[in-house]
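Here the structure comes first, spelled out in structure tokens, and everything after it is commentary.
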Amino acid sequence: MPIRNGAAYLAALKDGRRIHLDGRRVADVTADPAYRGTVASFARLYDFQAAPENRDLMTFETPTGARVNRAWHLPQSPDDLVRRRRAIEAWSALNFGWLGRSPDHLATALSGLMMGHDVMAQHDARRAAAFRNYFAYARDRDLFVTYVIQNPQADKSKSASSQARDLVLHAVDEDADGITVSGAKMLGTSSVMADEIFVGNIQPLKAGEGAYALSFAMPMATPGIVLLSRRSYEAGVTTAWDYPLSSRFDENDAVVVFDQVKVPWERVFVHGDVDAARTQWHGTPTHVYQNYQSQIRLAVKLRFLVGLARRIAEVNGSAGMPQIEGTLARLAVEASIVEGMVAGMEAAGRRFGPYWVPSAHLLYAAQTYTQELYPRFVNTIRDLAGGGVIMLPSSLRDLEDPEIRALVEATQVSSATDAVGRVGVMKLAWDALGSEFASRHVQYEMFYAGAPYVNHANMNRTYDWAGATAFADAALALSPRPDWPARAAAE
Ligand SMILES: Cc1cc2nc3c(=O)[nH]c(=O)nc-3n(C[C@H](O)[C@H](O)[C@H](O)COP(=O)(O)OP(=O)(O)OC[C@H]3O[C@@H](n4cnc5c(N)ncnc54)[C@H](O)[C@@H]3O)c2cc1C
């Protein structure tokens, strides 16, 4: 089979999937103004990997002879992991880190779960075998899989089974062919434009909530799967020049509703086992791998934002001012810390059977650090930009009119560039920092891997507390403990 390219990806999207947007049903995501620019960006990723000059950087040969993206590779050494990271970085660079749920995210998560096959087989050998077969199926076709593993936000004080009836996805029936599921999940990023959806449960379940302990994967056009798309920021742009990011990288997010969906047994990986539902994330390398991919992507995005910050300062003639130099340096430091964390995760990884897994505690440290860092980072660059991101012509159309363009040229002034250059930088800045697309990205980086208390729990679970407290205890032991006779005995 040839390396999957953009044309093959686009052809597969014309499958009759059910997407609702603005009161209408979307007929074709590849052509719809709400999605087509972003779909084209995903197609470009596949074209990039299929280009002969990128073959070795981006792909490897699977045991079955297919040539697919390196994100499906199961690394056995730090060098393998770094080779894999280079491919993730190269794809991220094509979208400057703005596509969070590109196909390499789930390929990485599913690779982690594959590495944990033996752990999952201890829970249920047949379900683990079903996943092993699915993994080979999805890998060899280089499928774009996304996931929903979170329950719809409703009443946080209640567990899954105590929410409004049928709100949360659960198994309603089973027979010789498989299971039937109903209910909803949030928040299917890229689900509108992916091939398949992996469905799981990552939130704690109580004993007796086995119906919610599920994991399976299905094609997006499966009867009964309904995607309730959020507003399209791509559709809201005036021109791509005015919104260079929204128009190309609006990966969308959707509430995914399952209405009596039949899932055959060969697609069911966890069923009815509360412990297995949790183990698939934290008892295998899955969760560490998926979030390691996210940190690689985020490091690329931060590098882009540092570059943008510098251009903003140059356009404003402030780049040489000592305070601004300090601000730029501070941004570069923070972006470098994230790059260093990624390299650290690889070097300080551990063996898991034959596989090499990034360091969990460095991953969760990066995860916690970056969910706090991102809004601060964006705010710092907004501070650099001042009113320039608002002092802008309404759209490219103004510049196309010679009379208005003359006025724009007279009022958009910079020592570093001409009027069009200034407007271009500031339009890009607004799309990255202040547009609705940008605001969604702040929410994404703060929440895609769980609320802060979830990351804190993962940090506490994986940190070497015994080693740290042993240091404190050793320091306490430097001086012998005073040994006064007990007061009562002395009296
Ligand atoms: C843009 C975006 C894209 C996403 N994409 C996906 C996706 O593709 N797939 C997917 O499965 N999920 C996705 N998610 C969902 C994401 O996993 C959840 O948003 C995240 O896990 C947080 O859950 P929540 O939204 O219910 O927020 P909550 O858990 O309700 O958190 C909101 C606030 O309440 C606080 N809080 C809530 N409960 C507690 C508690 N018990 N103790 C202390 N504080 C608490 C939190 O700390 C936080 O400050 C996405 C989210 C966003 C924003």
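Labeling convention for the structure tokens: chains A, B, ... as they appear, residues from 1 per chain, ligands from 1 in order of appearance.
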Using only C-alpha atoms and all ligand atoms, what are the residues with an atom within 6 Å of ligand 1, set out as a PDB file with C-alpha atoms, in the first residue's frame?
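File out_7.pdb, as written:
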```pdb
ATOM      1  CA  TYR A 147     -11.064  10.426  20.933  1.00  0.00           C
ATOM      2  CA  VAL A 148     -13.715  11.307  23.459  1.00  0.00           C
ATOM      3  CA  ILE A 149     -12.817  10.113  26.939  1.00  0.00           C
ATOM      4  CA  GLN A 150     -14.541  12.728  29.064  1.00  0.00           C
ATOM      5  CA  GLN A 153     -19.970  18.610  31.963  1.00  0.00           C
ATOM      6  CA  LYS A 156     -19.690  17.693  39.222  1.00  0.00           C
ATOM      7  CA  MET A 186     -17.262  15.623  25.255  1.00  0.00           C
ATOM      8  CA  LEU A 187     -15.403  17.131  23.476  1.00  0.00           C
ATOM      9  CA  GLY A 188     -14.489  15.493  20.183  1.00  0.00           C
ATOM     10  CA  THR A 189     -11.735  17.746  18.937  1.00  0.00           C
ATOM     11  CA  ARG A 440     -10.501  28.736  22.382  1.00  0.00           C
ATOM     12  CA  GLN A 443      -9.145  27.096  26.993  1.00  0.00           C
ATOM     13  CA  TYR A 444      -7.681  24.139  25.116  1.00  0.00           C
ATOM     14  CA  PHE A 447      -8.029  21.871  29.850  1.00  0.00           C
ATOM     15  CA  TYR A 448      -7.328  19.390  27.060  1.00  0.00           C
ATOM     16  CA  ALA A 449      -5.568  17.020  29.439  1.00  0.00           C
ATOM     17  CA  GLY A 450      -7.800  17.620  32.440  1.00  0.00           C
ATOM     18  CA  ALA A 451      -8.445  20.377  34.976  1.00  0.00           C
ATOM     19  CA  PRO A 452      -5.527  21.466  37.201  1.00  0.00           C
ATOM     20  CA  TYR A 453      -6.543  19.233  40.107  1.00  0.00           C
TER      21      TYR A 453
END
```
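Excluding Asn291 (chain A) and any residue on its chain fewer than 4 positions from it, the residues at most 8 Å away by only C-alpha atoms are His287, Gln295, Leu363, Gln367 and Ala449 of chain A.
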Tell me, as number ranges by chain, which residues lie within 10 Å of Val199 (chain A), counting only C-alpha atoms; anything in the same chain fewer than 2 positions away does not count. A: 146-150, 169, 185, 188, 196-197, 201-202, 214-218, 256, 268-269
Please produce an output containing N, CA and C atoms for each residue in the selection, written as a short mmCIF file (atom, residue, chain, number, x, y, z; two decimals), in the first residue's frame.
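Final output, saved to result31.cif:
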```cif
data_model
loop_
_atom_site.label_atom_id
_atom_site.label_comp_id
_atom_site.auth_asym_id
_atom_site.auth_seq_id
_atom_site.Cartn_x
_atom_site.Cartn_y
_atom_site.Cartn_z
N THR A 146 -9.55 10.14 16.37
CA THR A 146 -9.57 11.08 17.49
C THR A 146 -10.24 10.40 18.68
N TYR A 147 -10.41 11.11 19.81
CA TYR A 147 -11.06 10.43 20.93
C TYR A 147 -11.97 11.32 21.75
N VAL A 148 -12.93 10.67 22.40
CA VAL A 148 -13.71 11.31 23.46
C VAL A 148 -13.61 10.39 24.68
N ILE A 149 -13.04 10.94 25.75
CA ILE A 149 -12.82 10.11 26.94
C ILE A 149 -13.37 10.79 28.19
N GLN A 150 -14.04 11.90 27.96
CA GLN A 150 -14.54 12.73 29.06
C GLN A 150 -16.07 12.78 29.00
N LEU A 169 -22.42 8.39 28.20
CA LEU A 169 -22.34 7.18 27.36
C LEU A 169 -22.22 5.92 28.22
N LYS A 185 -20.55 12.11 25.01
CA LYS A 185 -19.19 12.36 25.49
C LYS A 185 -18.76 13.73 24.99
N GLY A 188 -15.23 16.12 21.29
CA GLY A 188 -14.49 15.49 20.18
C GLY A 188 -13.75 16.47 19.30
N GLU A 196 -11.98 8.00 12.37
CA GLU A 196 -12.61 7.14 13.37
C GLU A 196 -12.56 7.82 14.73
N ILE A 197 -13.39 7.33 15.63
CA ILE A 197 -13.38 7.87 16.99
C ILE A 197 -13.16 6.75 17.99
N ASN A 201 -13.36 6.00 28.87
CA ASN A 201 -13.73 6.71 30.09
C ASN A 201 -12.48 6.89 30.94
N ILE A 202 -12.13 8.16 31.22
CA ILE A 202 -10.93 8.40 32.02
C ILE A 202 -11.27 8.92 33.42
N LEU A 214 -16.13 1.56 29.56
CA LEU A 214 -16.15 1.14 28.16
C LEU A 214 -14.95 1.68 27.43
N SER A 215 -14.53 0.96 26.44
CA SER A 215 -13.63 1.55 25.46
C SER A 215 -13.81 0.80 24.15
N PHE A 216 -13.94 1.58 23.08
CA PHE A 216 -14.15 1.00 21.76
C PHE A 216 -13.78 2.04 20.70
N ALA A 217 -13.74 1.64 19.46
CA ALA A 217 -13.46 2.58 18.36
C ALA A 217 -14.38 2.27 17.20
N MET A 218 -14.88 3.31 16.55
CA MET A 218 -15.81 3.11 15.42
C MET A 218 -15.54 4.17 14.34
N VAL A 256 -20.25 14.57 21.18
CA VAL A 256 -20.51 13.37 20.38
C VAL A 256 -21.62 12.57 21.06
N VAL A 268 -14.56 -3.77 20.62
CA VAL A 268 -14.75 -3.47 22.04
C VAL A 268 -13.47 -3.86 22.80
N PHE A 269 -12.87 -2.88 23.50
CA PHE A 269 -11.58 -3.11 24.15
C PHE A 269 -11.69 -3.17 25.68
#
```
As a VMD selection string, which residues of region 206-316 of chain A does DSSP assign to alpha helix (DSSP H)? chain A and resid 246 to 249 274 to 282 286 to 315
Nearby residues (only C-alpha atoms) at most 6 Å from region 4-21 of chain A, same-chain spacing under 4 positions excluded, as a list in words: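 So, after excluding close chain neighbours, the residues are Arg25, Val26, Ala43, Arg44, Tyr46, Asp47, Ala50, Ala221, Val226, Leu227, Leu228 and Ser229 of chain A.
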Those residues with all heavy atoms, as a compact mmCIF listing (two decimals), in the first residue's frame please?
```txt
# COMPACT_ATOMS: atom_id res chain seq x y z
N ARG A 25 -27.63 20.13 8.50
CA ARG A 25 -26.76 18.96 8.45
C ARG A 25 -25.68 19.21 7.40
O ARG A 25 -25.98 19.60 6.27
CB ARG A 25 -27.57 17.71 8.12
CG ARG A 25 -26.68 16.49 8.07
CD ARG A 25 -27.38 15.20 8.27
NE ARG A 25 -26.43 14.11 8.08
CZ ARG A 25 -26.74 12.86 8.01
NH1 ARG A 25 -28.00 12.50 8.14
NH2 ARG A 25 -25.81 11.94 7.83
N VAL A 26 -24.43 18.98 7.79
CA VAL A 26 -23.31 19.23 6.88
C VAL A 26 -23.23 18.09 5.87
O VAL A 26 -23.21 16.91 6.25
CB VAL A 26 -21.99 19.35 7.69
CG1 VAL A 26 -20.79 19.47 6.76
CG2 VAL A 26 -22.07 20.52 8.65
N ALA A 43 -5.02 17.49 5.19
CA ALA A 43 -4.60 16.79 3.95
C ALA A 43 -3.14 17.09 3.64
O ALA A 43 -2.38 16.22 3.22
CB ALA A 43 -5.50 17.22 2.80
N ARG A 44 -2.72 18.34 3.92
CA ARG A 44 -1.32 18.71 3.66
C ARG A 44 -0.36 17.91 4.53
O ARG A 44 0.75 17.58 4.11
CB ARG A 44 -1.12 20.22 3.90
CG ARG A 44 -1.17 21.03 2.60
CD ARG A 44 -0.62 22.44 2.76
NE ARG A 44 -1.35 23.21 3.76
CZ ARG A 44 -2.52 23.82 3.53
NH1 ARG A 44 -3.07 23.76 2.33
NH2 ARG A 44 -3.13 24.49 4.47
N TYR A 46 -0.73 14.80 5.38
CA TYR A 46 -0.55 13.51 4.70
C TYR A 46 0.29 13.65 3.43
O TYR A 46 1.10 12.79 3.11
CB TYR A 46 -1.92 12.88 4.40
CG TYR A 46 -2.58 12.28 5.63
CD1 TYR A 46 -3.71 12.86 6.21
CD2 TYR A 46 -2.06 11.13 6.23
CE1 TYR A 46 -4.31 12.31 7.34
CE2 TYR A 46 -2.65 10.57 7.36
CZ TYR A 46 -3.78 11.17 7.91
OH TYR A 46 -4.36 10.63 9.02
N ASP A 47 0.08 14.76 2.69
CA ASP A 47 0.90 14.97 1.49
C ASP A 47 2.38 15.12 1.85
O ASP A 47 3.25 14.63 1.15
CB ASP A 47 0.42 16.22 0.73
CG ASP A 47 -0.81 15.93 -0.13
OD1 ASP A 47 -1.02 14.74 -0.47
OD2 ASP A 47 -1.55 16.88 -0.45
N ALA A 50 3.90 11.82 2.50
CA ALA A 50 3.97 10.99 1.30
C ALA A 50 5.02 11.49 0.30
O ALA A 50 5.37 10.76 -0.63
CB ALA A 50 2.60 10.93 0.63
N ALA A 221 -18.74 7.57 10.49
CA ALA A 221 -20.04 7.53 9.80
C ALA A 221 -20.93 6.39 10.31
O ALA A 221 -21.96 6.08 9.69
CB ALA A 221 -19.83 7.39 8.30
N VAL A 226 -23.63 10.95 16.25
CA VAL A 226 -24.03 12.30 15.84
C VAL A 226 -23.01 13.30 16.40
O VAL A 226 -22.72 13.27 17.61
CB VAL A 226 -25.43 12.65 16.40
CG1 VAL A 226 -25.90 14.00 15.86
CG2 VAL A 226 -26.43 11.56 16.08
N LEU A 227 -22.50 14.16 15.54
CA LEU A 227 -21.53 15.17 15.97
C LEU A 227 -22.22 16.53 16.04
O LEU A 227 -22.70 17.04 15.01
CB LEU A 227 -20.36 15.24 14.99
CG LEU A 227 -19.62 13.91 14.73
CD1 LEU A 227 -18.53 14.09 13.68
CD2 LEU A 227 -19.02 13.37 16.02
N LEU A 228 -22.30 17.06 17.26
CA LEU A 228 -22.89 18.40 17.45
C LEU A 228 -21.73 19.39 17.48
O LEU A 228 -21.11 19.62 18.52
CB LEU A 228 -23.70 18.44 18.75
CG LEU A 228 -24.89 17.46 18.82
CD1 LEU A 228 -25.56 17.53 20.19
CD2 LEU A 228 -25.91 17.75 17.71
N SER A 229 -21.43 19.92 16.32
CA SER A 229 -20.25 20.77 16.15
C SER A 229 -20.42 22.09 16.89
O SER A 229 -21.50 22.67 16.90
CB SER A 229 -20.08 21.04 14.65
OG SER A 229 -19.13 22.05 14.42
```
Residues at most 12 Å from Ala406 (chain A), counting only C-alpha atoms, excluding those fewer than 5 positions away in the same chain, as a PDB file with N, CA and C atoms, in the first residue's frame?
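Okay, this is what ended up in selection.pdb:
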```pdb
ATOM      1  N   PRO A 393      -7.251  47.984   9.823  1.00  0.00           N
ATOM      2  CA  PRO A 393      -8.343  48.065   8.845  1.00  0.00           C
ATOM      3  C   PRO A 393      -9.238  46.845   9.005  1.00  0.00           C
ATOM      4  N   ASP A 398     -10.530  46.612   2.460  1.00  0.00           N
ATOM      5  CA  ASP A 398     -10.162  48.028   2.558  1.00  0.00           C
ATOM      6  C   ASP A 398      -8.906  48.310   1.732  1.00  0.00           C
ATOM      7  N   LEU A 399      -7.964  47.376   1.791  1.00  0.00           N
ATOM      8  CA  LEU A 399      -6.699  47.595   1.079  1.00  0.00           C
ATOM      9  C   LEU A 399      -6.857  47.455  -0.436  1.00  0.00           C
ATOM     10  N   GLU A 400      -7.877  46.745  -0.831  1.00  0.00           N
ATOM     11  CA  GLU A 400      -8.100  46.560  -2.270  1.00  0.00           C
ATOM     12  C   GLU A 400      -8.669  47.829  -2.926  1.00  0.00           C
ATOM     13  N   ASP A 401      -9.190  48.736  -2.111  1.00  0.00           N
ATOM     14  CA  ASP A 401      -9.724  50.001  -2.632  1.00  0.00           C
ATOM     15  C   ASP A 401      -8.594  51.045  -2.544  1.00  0.00           C
ATOM     16  N   THR A 411      -1.649  55.757   7.906  1.00  0.00           N
ATOM     17  CA  THR A 411      -1.857  55.620   9.357  1.00  0.00           C
ATOM     18  C   THR A 411      -1.214  54.362   9.950  1.00  0.00           C
ATOM     19  N   GLN A 412      -0.814  53.414   9.122  1.00  0.00           N
ATOM     20  CA  GLN A 412      -0.152  52.201   9.623  1.00  0.00           C
ATOM     21  C   GLN A 412       1.338  52.365   9.380  1.00  0.00           C
ATOM     22  N   ALA A 419       3.270  49.593   5.477  1.00  0.00           N
ATOM     23  CA  ALA A 419       1.940  49.530   6.114  1.00  0.00           C
ATOM     24  C   ALA A 419       1.344  48.123   6.024  1.00  0.00           C
ATOM     25  N   VAL A 420       1.473  47.505   4.845  1.00  0.00           N
ATOM     26  CA  VAL A 420       0.904  46.154   4.684  1.00  0.00           C
ATOM     27  C   VAL A 420       1.637  45.172   5.602  1.00  0.00           C
TER      28      VAL A 420
END
```
May I have the residues within 12 Å of Pro264 (chain A) as a PyMOL selection string, using only C-alpha atoms and disregarding those fewer than 3 positions away in the same chain? chain A and resi 127+130+134+173-181+216-219+222+261+267-269+271
Give me, as a list in words, all polymer residues having an atom no more than 8 Å from Ala235 (chain A), counting only C-alpha atoms and skipping those fewer than 4 positions away in the same chain.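 After dropping sequence-adjacent residues, the list is Pro33, Ala34, Tyr35 and Ser247 of chain A.
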Could you give me, as JSON lines, every region 39-115 of chain A residue with an atom at most 12 Å from region 428-439 of chain A, plus its closest atom pair and distance in Å to one decimal, counting only C-alpha atoms, rows ordered by chain then number?
```
{"residue": "A:Phe96", "atom": "CA", "partner": "A:Ala432", "partner_atom": "CA", "distance": 10.7}
{"residue": "A:Gly97", "atom": "CA", "partner": "A:Ala432", "partner_atom": "CA", "distance": 11.3}
{"residue": "A:Trp98", "atom": "CA", "partner": "A:Ala432", "partner_atom": "CA", "distance": 9.3}
{"residue": "A:Leu99", "atom": "CA", "partner": "A:Phe437", "partner_atom": "CA", "distance": 11.7}
```
Determine the nearest neighbour of Ile296 (chain A) from the options A:Met345, A:Ala138, A:Ser159, A:Ser191, counting only C-alpha atoms.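 Between A:Met345, A:Ala138, A:Ser159, A:Ser191, the residue approaching Ile296 (chain A) most closely is A:Met345.
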